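**Q** Data: start-v8.txt, compact mmCIF, C-alpha atoms.
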```txt
# COMPACT_ATOMS: atom_id res chain seq x y z
CA MET I 5 -35.79 1.65 3.51
CA THR I 6 -33.72 -0.81 5.58
CA ILE I 7 -30.93 -2.90 4.06
CA SER I 8 -29.75 -6.01 5.90
CA VAL I 9 -26.19 -7.18 5.21
CA ASP I 10 -23.52 -9.38 6.67
CA TYR I 11 -20.84 -6.73 6.12
CA LEU I 12 -21.14 -2.96 5.89
CA ILE I 13 -17.82 -1.57 4.61
CA ASN I 14 -17.01 2.10 5.01
CA GLY I 15 -14.58 3.04 2.24
CA ALA I 16 -14.40 1.37 -1.17
CA GLY I 17 -10.84 2.19 -2.11
CA MET I 18 -8.35 -0.55 -2.90
CA VAL I 19 -8.52 -2.30 0.49
CA GLY I 20 -12.23 -1.79 1.11
CA ALA I 21 -13.23 -2.88 -2.39
CA ALA I 22 -10.91 -5.91 -2.26
CA ALA I 23 -12.39 -6.91 1.12
CA GLY I 24 -15.92 -6.50 -0.25
CA LEU I 25 -15.14 -8.54 -3.35
CA ALA I 26 -13.47 -11.38 -1.44
CA LEU I 27 -16.36 -11.59 1.06
CA ALA I 28 -19.05 -11.33 -1.63
CA GLN I 29 -17.45 -14.15 -3.60
CA GLN I 30 -17.82 -16.29 -0.49
CA GLY I 31 -21.54 -15.62 -0.53
CA TYR I 32 -21.76 -12.90 2.12
CA ARG I 33 -24.11 -9.95 1.65
CA VAL I 34 -21.93 -6.87 1.38
CA LEU I 35 -22.69 -3.15 1.18
CA LEU I 36 -19.85 -0.74 0.45
CA VAL I 37 -20.22 2.98 1.08
CA ASP I 38 -17.88 5.50 -0.49
CA ASN I 39 -18.07 9.28 -0.65
CA ALA I 40 -17.00 9.38 -4.31
CA GLU I 41 -17.56 7.69 -7.64
CA ALA I 42 -15.02 5.26 -9.04
CA PRO I 43 -12.19 7.38 -10.48
CA LYS I 44 -12.20 7.87 -14.23
CA LYS I 45 -9.27 6.90 -16.38
CA ALA I 46 -7.00 9.81 -17.27
CA GLU I 47 -4.79 10.13 -20.32
CA ARG I 48 -1.69 9.20 -18.33
CA TRP I 49 -0.80 7.52 -15.04
CA ASP I 50 -1.96 9.19 -11.84
CA ILE I 51 0.79 9.87 -9.27
CA ARG I 52 -0.89 7.55 -6.74
CA ILE I 53 0.81 4.26 -7.56
CA SER I 54 1.26 1.08 -5.53
CA SER I 55 3.77 -1.72 -5.69
CA VAL I 56 1.70 -4.88 -5.21
CA ASN I 57 3.84 -7.91 -4.44
CA ASP I 58 3.47 -11.05 -6.53
CA HIS I 59 1.72 -13.00 -3.77
CA HIS I 60 -1.08 -10.47 -3.45
CA TRP I 61 -1.28 -9.81 -7.20
CA HIS I 62 -1.90 -13.53 -7.74
CA TRP I 63 -4.69 -13.37 -5.13
CA LEU I 64 -6.24 -10.31 -6.78
CA SER I 65 -6.04 -12.08 -10.13
CA GLN I 66 -7.92 -15.03 -8.65
CA LEU I 67 -10.64 -12.58 -7.59
CA GLY I 68 -10.93 -11.54 -11.25
CA VAL I 69 -9.13 -8.20 -11.07
CA ALA I 70 -6.53 -8.99 -13.74
CA ASP I 71 -9.33 -9.56 -16.28
CA CYS I 72 -11.01 -6.22 -15.47
CA ILE I 73 -8.09 -3.85 -15.08
CA ASP I 74 -6.80 -1.40 -17.68
CA LYS I 75 -3.73 -3.26 -18.89
CA ASP I 76 -1.79 -0.05 -19.64
CA ARG I 77 -1.92 0.87 -15.93
CA VAL I 78 -0.19 -2.29 -14.72
CA LEU I 79 3.52 -3.00 -15.18
CA PRO I 80 5.30 -6.11 -13.85
CA TYR I 81 8.74 -5.46 -12.38
CA THR I 82 11.49 -8.03 -12.08
CA THR I 83 14.28 -6.39 -10.10
CA LEU I 84 14.79 -4.11 -7.11
CA SER I 85 18.00 -2.43 -6.00
CA VAL I 86 19.02 -0.62 -2.83
CA ALA I 87 22.06 1.64 -2.50
CA SER I 88 23.39 3.09 0.75
CA ILE I 89 24.75 6.59 1.33
CA ASN I 90 28.33 5.38 0.79
CA GLY I 91 27.42 3.62 -2.46
CA THR I 92 27.15 0.00 -1.29
CA ARG I 93 24.50 -1.67 -3.43
CA ALA I 94 22.33 -4.77 -3.22
CA ASP I 95 20.32 -6.14 -6.17
CA PHE I 96 17.45 -8.60 -6.03
CA ASP I 97 16.01 -10.35 -9.09
CA ALA I 98 12.95 -12.59 -9.37
CA LYS I 99 14.98 -15.03 -11.50
CA GLU I 100 17.00 -15.91 -8.40
CA VAL I 101 13.92 -17.67 -6.96
CA ASN I 102 12.76 -18.96 -10.36
CA ARG I 103 9.94 -16.44 -10.71
CA ASP I 104 9.02 -14.13 -13.59
CA GLN I 105 8.30 -11.04 -11.49
CA LEU I 106 8.59 -9.58 -8.01
CA GLY I 107 5.25 -7.88 -8.34
CA VAL I 108 3.49 -5.17 -10.32
CA MET I 109 3.32 -1.41 -10.32
CA VAL I 110 -0.33 -0.49 -10.55
CA GLU I 111 -2.16 2.81 -10.61
CA ASN I 112 -4.35 3.05 -7.50
CA ASN I 113 -7.24 4.45 -9.51
CA ALA I 114 -7.01 1.63 -12.05
CA LEU I 115 -7.04 -1.03 -9.34
CA GLN I 116 -10.04 0.58 -7.67
CA ARG I 117 -11.91 0.76 -10.99
CA ALA I 118 -11.18 -2.91 -11.65
CA LEU I 119 -12.38 -3.93 -8.20
CA TRP I 120 -15.61 -1.97 -8.66
CA ARG I 121 -16.16 -3.63 -12.04
CA CYS I 122 -15.82 -7.03 -10.38
CA LEU I 123 -18.11 -6.00 -7.52
CA ASN I 124 -20.80 -4.91 -9.99
CA HIS I 125 -20.92 -8.51 -11.24
CA CYS I 126 -21.46 -9.94 -7.72
CA GLU I 127 -25.10 -10.58 -6.87
CA THR I 128 -24.45 -10.27 -3.12
CA ALA I 129 -22.50 -6.99 -3.31
CA GLN I 130 -23.74 -3.43 -3.63
CA ILE I 131 -21.80 -0.16 -3.81
CA ARG I 132 -23.31 3.12 -2.60
CA ALA I 133 -21.14 5.74 -4.31
CA ASN I 134 -21.37 9.46 -3.43
CA ASP I 135 -22.77 8.51 -0.04
CA THR I 136 -21.52 8.52 3.55
CA ILE I 137 -22.47 7.03 6.89
CA SER I 138 -24.13 9.75 8.95
CA GLU I 139 -25.01 7.70 12.06
CA ILE I 140 -23.51 4.58 13.62
CA ASP I 141 -25.24 2.61 16.38
CA LEU I 142 -22.80 -0.15 17.28
CA ALA I 143 -24.90 -1.52 20.14
CA ASN I 144 -27.73 -2.35 17.75
CA HIS I 145 -25.58 -3.00 14.67
CA LYS I 146 -27.27 -0.22 12.73
CA ALA I 147 -26.15 2.66 10.56
CA VAL I 148 -27.89 5.43 8.68
CA LEU I 149 -26.53 6.70 5.37
CA ALA I 150 -26.59 10.34 4.36
CA GLY I 151 -28.64 9.28 1.35
CA GLY I 152 -31.43 8.14 3.68
CA ALA I 153 -31.03 4.36 3.75
CA SER I 154 -30.89 2.48 7.04
CA VAL I 155 -28.49 -0.47 7.26
CA GLN I 156 -28.61 -3.44 9.61
CA PHE I 157 -25.23 -5.19 9.69
CA ASN I 158 -23.46 -8.06 11.40
CA ARG I 159 -19.99 -6.57 10.97
CA LEU I 160 -18.80 -3.04 10.20
CA LEU I 161 -15.45 -2.89 8.42
CA GLY I 162 -13.46 0.33 8.70
CA CYS I 163 -11.50 0.58 5.46
CA ASP I 164 -11.78 4.35 5.50
CA GLY I 165 -8.18 5.48 5.84
CA ALA I 166 -5.94 7.03 8.45
CA HIS I 167 -8.71 9.34 9.76
CA SER I 168 -11.21 6.51 10.11
CA GLN I 169 -14.79 7.44 10.98
CA VAL I 170 -15.40 3.85 12.03
CA ALA I 171 -12.43 3.87 14.44
CA ARG I 172 -13.75 7.08 16.05
CA ALA I 173 -17.22 5.58 16.42
CA ALA I 174 -15.70 2.55 18.16
CA GLY I 175 -13.53 4.71 20.42
CA ILE I 176 -10.31 3.24 19.02
CA GLY I 177 -7.22 5.36 19.55
CA TYR I 178 -3.81 5.34 17.87
CA ARG I 179 -0.13 5.52 18.68
CA GLY I 180 2.21 7.21 16.24
CA TRP I 181 4.25 10.18 15.19
CA ASP I 182 5.27 12.35 12.27
CA TYR I 183 8.43 11.26 10.50
CA GLY I 184 9.36 14.87 9.77
CA GLN I 185 9.57 14.01 6.08
CA THR I 186 7.69 15.00 2.96
CA CYS I 187 7.36 12.64 0.01
CA GLU I 188 7.66 14.35 -3.38
CA LEU I 189 6.42 12.45 -6.45
CA VAL I 190 6.55 13.21 -10.16
CA ASN I 191 5.51 11.12 -13.15
CA VAL I 192 7.80 11.58 -16.11
CA ILE I 193 8.42 10.69 -19.73
CA THR I 194 12.06 9.76 -20.31
CA GLU I 195 14.17 10.00 -23.45
CA GLN I 196 16.00 6.78 -22.58
CA PRO I 197 14.23 3.42 -22.08
CA ILE I 198 13.51 2.43 -18.47
CA PRO I 199 14.22 -1.19 -17.34
CA SER I 200 11.46 -3.04 -15.49
CA ALA I 201 13.31 -2.50 -12.21
CA THR I 202 12.62 -0.39 -9.15
CA TRP I 203 15.46 1.13 -7.15
CA GLU I 204 16.10 3.27 -4.09
CA VAL I 205 19.19 5.31 -3.24
CA PHE I 206 19.65 6.57 0.31
CA LYS I 207 21.01 9.98 1.17
CA PRO I 208 21.03 12.10 4.36
CA GLY I 209 17.50 13.35 5.03
CA GLY I 210 15.76 10.66 2.99
CA PRO I 211 16.12 8.42 -0.08
CA PHE I 212 15.12 8.93 -3.68
CA ALA I 213 13.61 6.19 -5.80
CA LEU I 214 12.27 5.19 -9.19
CA LEU I 215 9.17 3.14 -9.98
CA PRO I 216 8.98 1.97 -13.62
CA LEU I 217 5.66 2.63 -15.39
CA GLY I 218 6.58 1.73 -18.97
CA CYS I 219 9.40 1.63 -21.47
CA ASN I 220 9.86 5.42 -21.32
CA GLU I 221 7.75 6.29 -18.29
CA ALA I 222 8.45 6.33 -14.56
CA CYS I 223 7.41 7.71 -11.20
CA LEU I 224 10.25 9.51 -9.43
CA ILE I 225 10.12 9.80 -5.65
CA ASN I 226 12.16 11.94 -3.29
CA TYR I 227 11.93 12.06 0.50
CA ARG I 228 13.08 15.32 2.06
CA PRO I 229 12.90 16.82 5.57
CA SER I 230 9.58 18.61 6.10
CA ASN I 231 11.34 21.67 7.50
CA THR I 232 12.87 22.21 4.05
CA HIS I 233 10.11 24.24 2.42
CA HIS I 234 11.51 24.45 -1.09
CA THR I 235 10.98 21.56 -3.49
CA THR I 236 13.91 19.49 -4.68
CA ASP I 237 15.54 19.97 -8.07
CA LEU I 238 14.60 16.50 -9.29
CA LYS I 239 16.33 16.95 -12.63
CA GLN I 240 19.63 17.52 -10.86
CA LEU I 241 18.96 14.49 -8.67
CA PHE I 242 17.73 12.00 -11.30
CA GLU I 243 19.12 13.02 -14.71
CA PRO I 244 22.65 11.68 -14.00
CA LEU I 245 21.01 8.26 -13.50
CA ILE I 246 18.17 8.12 -16.06
CA GLY I 247 18.90 10.91 -18.53
CA ALA I 248 16.59 13.73 -19.59
CA PHE I 249 12.89 13.61 -18.78
CA ASP I 250 9.70 15.71 -18.88
CA THR I 251 7.26 15.86 -15.97
CA TYR I 252 3.51 15.49 -16.54
CA ALA I 253 2.14 15.02 -12.99
CA SER I 254 3.37 15.88 -9.50
CA GLY I 255 2.34 15.86 -5.85
CA GLN I 256 3.61 15.65 -2.30
CA PHE I 257 2.41 14.54 1.11
CA PRO I 258 3.77 14.40 4.69
CA LEU I 259 4.70 11.04 6.23
CA GLN I 260 3.15 9.69 9.42
CA ARG I 261 3.27 6.50 11.42
CA LYS I 262 0.00 5.43 13.08
CA HIS I 263 -1.02 2.14 14.62
CA ALA I 264 -4.47 1.48 16.05
CA LEU I 265 -4.55 0.37 19.69
CA ARG I 266 -7.24 -2.13 18.74
CA TYR I 267 -8.27 -3.61 15.40
CA CYS I 268 -11.60 -4.98 16.60
CA VAL I 269 -14.23 -3.68 19.02
CA GLY I 270 -17.67 -5.30 19.07
CA PRO I 271 -18.84 -5.56 15.45
CA VAL I 272 -16.09 -3.23 14.20
CA VAL I 273 -13.04 -4.49 12.31
CA LEU I 274 -10.33 -2.15 11.02
CA MET I 275 -8.25 -2.90 7.92
CA GLY I 276 -5.64 -1.12 5.83
CA ASP I 277 -4.73 2.47 6.66
CA ALA I 278 -7.56 2.64 9.18
CA ALA I 279 -5.53 0.18 11.26
CA HIS I 280 -1.97 1.14 10.33
CA SER I 281 -0.12 3.86 8.42
CA ILE I 282 3.47 2.97 7.57
CA HIS I 283 6.49 4.70 6.04
CA PRO I 284 6.17 4.09 2.28
CA LEU I 285 9.87 3.63 1.52
CA ALA I 286 9.48 -0.14 0.93
CA GLY I 287 6.05 0.08 -0.69
CA GLN I 288 4.39 -2.10 1.95
CA GLY I 289 1.28 0.00 2.70
CA VAL I 290 -1.37 -1.58 0.47
CA ASN I 291 0.28 -5.02 0.76
CA LEU I 292 -0.32 -4.93 4.51
CA GLY I 293 -3.94 -4.03 3.82
CA PHE I 294 -4.39 -6.98 1.48
CA ALA I 295 -2.74 -9.22 4.09
CA ASP I 296 -5.32 -7.96 6.62
CA ILE I 297 -8.16 -9.06 4.35
CA ARG I 298 -6.68 -12.46 3.65
CA CYS I 299 -6.00 -13.13 7.32
CA PHE I 300 -9.56 -12.16 8.31
CA ILE I 301 -10.99 -14.54 5.71
CA GLU I 302 -8.58 -17.34 6.63
CA GLN I 303 -9.62 -16.96 10.27
CA GLN I 304 -13.27 -17.19 9.14
CA GLY I 305 -14.12 -13.87 10.70
CA ASP I 306 -12.68 -14.70 14.14
CA SER I 307 -11.89 -11.12 15.14
CA GLN I 308 -9.67 -11.98 18.12
CA ARG I 309 -7.40 -14.26 16.11
CA TYR I 310 -7.37 -11.74 13.26
CA GLU I 311 -6.36 -8.90 15.58
CA ARG I 312 -3.71 -10.95 17.34
CA GLN I 313 -2.07 -12.09 14.12
CA ARG I 314 -2.26 -8.87 12.15
CA ARG I 315 -1.28 -6.46 14.94
CA LYS I 316 1.85 -8.54 15.54
CA ALA I 317 2.74 -8.84 11.84
CA ASN I 318 2.05 -5.16 11.09
CA ALA I 319 3.98 -3.98 14.17
CA LYS I 320 6.95 -6.09 13.05
CA MET I 321 6.90 -4.53 9.59
CA MET I 322 6.55 -1.02 11.04
CA ARG I 323 9.57 -1.57 13.27
CA ALA I 324 11.55 -2.82 10.28
CA MET I 325 10.65 0.30 8.29
CA ASP I 326 11.60 2.51 11.24
CA MET I 327 14.98 0.77 11.50
CA ILE I 328 15.65 1.36 7.81
CA HIS I 329 14.45 4.96 8.09
CA TRP I 330 16.61 5.85 11.09
CA HIS I 331 19.77 3.94 10.13
CA PHE I 332 20.01 4.11 6.34
CA GLU I 333 19.48 7.89 6.26
CA ASP I 334 21.95 8.72 9.03
CA ALA I 335 25.35 9.81 7.70
CA ASN I 336 27.08 8.71 10.92
CA PRO I 337 30.15 6.71 9.73
CA LEU I 338 29.58 3.87 12.23
CA LYS I 339 25.95 3.43 11.16
CA GLN I 340 26.93 3.53 7.50
CA ARG I 341 29.54 0.82 8.04
CA MET I 342 26.80 -1.30 9.64
CA VAL I 343 24.48 -0.58 6.70
CA ALA I 344 27.19 -1.48 4.18
CA ALA I 345 27.88 -4.73 6.02
CA SER I 346 24.16 -5.54 6.04
CA LEU I 347 23.81 -4.97 2.29
CA LYS I 348 26.88 -7.09 1.58
CA LEU I 349 25.46 -9.85 3.78
CA ALA I 350 22.16 -9.57 1.89
CA GLN I 351 23.94 -10.52 -1.32
CA ARG I 352 24.78 -14.00 -0.04
CA SER I 353 22.72 -16.59 -1.90
CA VAL I 354 20.59 -18.05 0.91
CA ILE I 355 19.94 -14.68 2.55
CA LYS I 356 19.25 -13.03 -0.79
CA GLN I 357 16.66 -15.65 -1.72
CA ALA I 358 14.94 -15.18 1.65
CA ILE I 359 14.79 -11.40 1.13
CA ILE I 360 13.40 -11.82 -2.39
CA LYS I 361 10.71 -14.19 -1.14
CA GLN I 362 9.83 -11.70 1.60
CA ALA I 363 9.57 -8.89 -0.97
CA MET I 364 7.28 -11.07 -3.09
CA GLY I 365 5.08 -11.86 -0.08
CA MET I 366 6.01 -15.55 -0.21
CA SER I 367 7.04 -15.85 3.44
```
Go through the file and emit its structure as structure tokens.

**A**
Amino acid sequence: MTISVDYLINGAGMVGAAAGLALAQQGYRVLLVDNAEAPKKAERWDIRISSVNDHHWHWLSQLGVADCIDKDRVLPYTTLSVASINGTRADFDAKEVNRDQLGVMVENNALQRALWRCLNHCETAQIRANDTISEIDLANHKAVLAGGASVQFNRLLGCDGAHSQVARAAGIGYRGWDYGQTCELVNVITEQPIPSATWEVFKPGGPFALLPLGCNEACLINYRPSNTHHTTDLKQLFEPLIGAFDTYASGQFPLQRKHALRYCVGPVVLMGDAAHSIHPLAGQGVNLGFADIRCFIEQQGDSQRYERQRRKANAKMMRAMDMIHWHFEDANPLKQRMVAASLKLAQRSVIKQAIIKQAMGMS
């Protein structure tokens, strides 16, 4: 059996499924291939959580996601705070730009489920779950699935993560490095109510942060040097700030920076983590992936213009994250005076509003 499509998308996670949905709603024939089923809903939040800025959440809502998602796995947040090693703090509130929220905290699994639900209502979209691409013939725009189907495509989108099969098939290499950090995450139930605010406190070796998930629920994050093999005592770290809590889920992963040397080769287009992996301290990962999709559609599939615009924008964001990583976490007194001055400057009205708009994806 041969399937003919406009777009074959490898990977139907948040970015791949969003790309498939946006393209299908424009009338393109889309086939998504993913090696797993849509994740099932668990009793409580999964530790894989994304901060989706308001600009992209509005776009996802226009695609129909807000009507399909499990409402108890989405929480709007209104405020974000950043504190330096020496205690200098900057606060940013959506009210300062006359908005109700900066964005939403959303469970990755819940967003993927919602996107799949929307895709199942699109006549021009099809999802092949529990399947993989076993052969790719880019010269002839053909692929063979492990399940036996043959696919003829116009474009092949690589939305298949940092170890992209599509990038390998196209001979696309990467530049990058390990940050030498491990990200520890725990989901907790708190005794005290949690405001709808996210915050990050820097310390030598890496910051710690809180993502609100509900009135008495949060995701706690700690970044520590990878050469420190023991886990952090998170109760000692967080309880002075949020009170007592009980953990119900935990995980950890190493941090890497990777940027594809090319985003497009022949019929191949890379998006999301297949094109760029970024330090997660500002929660920009999935937002950059959604920006990739929107740029590609706005450029009407012009791969050269897409690559030129998105490589530049993503590289700029990666450099900004590197600057924060290297300067905010360094206890050097001179650097910390510079950081403190920067945070104080960020509290000035015009600059603060610009930062808030940037955080919301408005600029």

**Q** Extract, using only C-alpha atoms, all DNA, RNA and protein residues at most 10 Å from Gly165 in chain I, discarding same-chain residues fewer than 5 positions from it, and format them as a ChimeraX atom specification.

**A** /I:14-15,17,19-20,170-171,274-281

**Q** So how many Å separate CA of Met5 in chain I and CA of Ala40 in chain I, to one decimal?

**A**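 Here the two named atoms are 21.8 Å from each other.
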
**Q** Between CA of Tyr267 in chain I and CA of Ile176 in chain I, measure the distance and give it in Å to one decimal.

**A** 8.0 Å

**Q** Given the choices I:Thr82, I:Gln260, I:Asn191, I:Gln357, which gets closest to Ser55 in chain I if the distance is worked out from only C-alpha atoms?

**A**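 For Ser55 in chain I, the nearest of the given residues is I:Thr82.
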
**Q** Which neighbours of range 69-77 of chain I fall inside 9 Å, counting all atoms listed in the file, when residues of the same chain fewer than 5 positions from it are skipped, and could you give them as a VMD selection string?

**A** chain I and resid 45 48 to 49 61 to 62 64 109 to 111 114 to 119 121 to 122 217 to 218

**Q** Taking all atoms listed in the file into account, name the residue in I:Arg159, I:Arg52, I:Arg341, I:His59 that is nearest to Leu189 in chain I.

**A**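 Once distances to Leu189 in chain I are computed over all atoms listed in the file, the minimum belongs to I:Arg52.
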
**Q** With only C-alpha atoms as the counted atoms, please give the residues lying no more than 6 Å from range 232-249 of chain I, apart from itself and same-chain residues fewer than 4 positions off, as a PyMOL selection string.

**A** chain I and resi 193-195

**Q** Starting from the block above, write range 242-261 of chain I out to a file with N, CA and C atoms, as a PDB file, in the first residue's frame, please.

**A**
```pdb
ATOM      1  N   PHE I 242      13.798  24.070  49.550  1.00  0.00           N
ATOM      2  CA  PHE I 242      12.525  24.723  49.231  1.00  0.00           C
ATOM      3  C   PHE I 242      11.635  25.025  50.435  1.00  0.00           C
ATOM      4  N   GLU I 243      11.701  24.214  51.485  1.00  0.00           N
ATOM      5  CA  GLU I 243      10.750  24.398  52.592  1.00  0.00           C
ATOM      6  C   GLU I 243      10.817  25.777  53.248  1.00  0.00           C
ATOM      7  N   PRO I 244      11.997  26.413  53.351  1.00  0.00           N
ATOM      8  CA  PRO I 244      12.005  27.770  53.917  1.00  0.00           C
ATOM      9  C   PRO I 244      11.193  28.769  53.086  1.00  0.00           C
ATOM     10  N   LEU I 245      10.954  28.433  51.803  1.00  0.00           N
ATOM     11  CA  LEU I 245      10.238  29.358  50.917  1.00  0.00           C
ATOM     12  C   LEU I 245       8.773  28.995  50.737  1.00  0.00           C
ATOM     13  N   ILE I 246       8.437  27.690  50.723  1.00  0.00           N
ATOM     14  CA  ILE I 246       7.054  27.292  50.419  1.00  0.00           C
ATOM     15  C   ILE I 246       6.422  26.450  51.523  1.00  0.00           C
ATOM     16  N   GLY I 247       7.155  26.156  52.577  1.00  0.00           N
ATOM     17  CA  GLY I 247       6.614  25.332  53.645  1.00  0.00           C
ATOM     18  C   GLY I 247       6.740  23.846  53.345  1.00  0.00           C
ATOM     19  N   ALA I 248       6.087  23.032  54.152  1.00  0.00           N
ATOM     20  CA  ALA I 248       6.196  21.574  54.032  1.00  0.00           C
ATOM     21  C   ALA I 248       5.508  21.081  52.766  1.00  0.00           C
ATOM     22  N   PHE I 249       6.038  19.980  52.225  1.00  0.00           N
ATOM     23  CA  PHE I 249       5.438  19.386  51.031  1.00  0.00           C
ATOM     24  C   PHE I 249       5.746  17.895  50.979  1.00  0.00           C
ATOM     25  N   ASP I 250       4.943  17.171  50.201  1.00  0.00           N
ATOM     26  CA  ASP I 250       5.138  15.742  49.948  1.00  0.00           C
ATOM     27  C   ASP I 250       5.340  15.528  48.454  1.00  0.00           C
ATOM     28  N   THR I 251       6.330  14.712  48.114  1.00  0.00           N
ATOM     29  CA  THR I 251       6.661  14.443  46.715  1.00  0.00           C
ATOM     30  C   THR I 251       5.857  13.256  46.188  1.00  0.00           C
ATOM     31  N   TYR I 252       5.342  13.375  44.955  1.00  0.00           N
ATOM     32  CA  TYR I 252       4.648  12.233  44.354  1.00  0.00           C
ATOM     33  C   TYR I 252       5.233  11.802  43.001  1.00  0.00           C
ATOM     34  N   ALA I 253       6.149  12.584  42.432  1.00  0.00           N
ATOM     35  CA  ALA I 253       6.799  12.181  41.175  1.00  0.00           C
ATOM     36  C   ALA I 253       8.152  12.861  41.112  1.00  0.00           C
ATOM     37  N   SER I 254       9.133  12.201  40.497  1.00  0.00           N
ATOM     38  CA  SER I 254      10.465  12.790  40.408  1.00  0.00           C
ATOM     39  C   SER I 254      11.186  12.283  39.161  1.00  0.00           C
ATOM     40  N   GLY I 255      12.214  13.015  38.756  1.00  0.00           N
ATOM     41  CA  GLY I 255      13.025  12.620  37.612  1.00  0.00           C
ATOM     42  C   GLY I 255      14.213  13.546  37.483  1.00  0.00           C
ATOM     43  N   GLN I 256      15.118  13.214  36.594  1.00  0.00           N
ATOM     44  CA  GLN I 256      16.267  14.073  36.333  1.00  0.00           C
ATOM     45  C   GLN I 256      16.812  13.791  34.943  1.00  0.00           C
ATOM     46  N   PHE I 257      17.472  14.794  34.359  1.00  0.00           N
ATOM     47  CA  PHE I 257      18.067  14.593  33.043  1.00  0.00           C
ATOM     48  C   PHE I 257      19.240  15.558  32.875  1.00  0.00           C
ATOM     49  N   PRO I 258      20.263  15.168  32.080  1.00  0.00           N
ATOM     50  CA  PRO I 258      21.403  16.050  31.831  1.00  0.00           C
ATOM     51  C   PRO I 258      21.028  17.131  30.824  1.00  0.00           C
ATOM     52  N   LEU I 259      21.748  18.253  30.861  1.00  0.00           N
ATOM     53  CA  LEU I 259      21.444  19.384  29.994  1.00  0.00           C
ATOM     54  C   LEU I 259      22.484  19.505  28.888  1.00  0.00           C
ATOM     55  N   GLN I 260      21.976  19.688  27.662  1.00  0.00           N
ATOM     56  CA  GLN I 260      22.832  19.827  26.487  1.00  0.00           C
ATOM     57  C   GLN I 260      22.384  21.017  25.649  1.00  0.00           C
ATOM     58  N   ARG I 261      23.326  21.560  24.919  1.00  0.00           N
ATOM     59  CA  ARG I 261      23.026  22.581  23.913  1.00  0.00           C
ATOM     60  C   ARG I 261      23.375  21.997  22.551  1.00  0.00           C
TER      61      ARG I 261
END
```
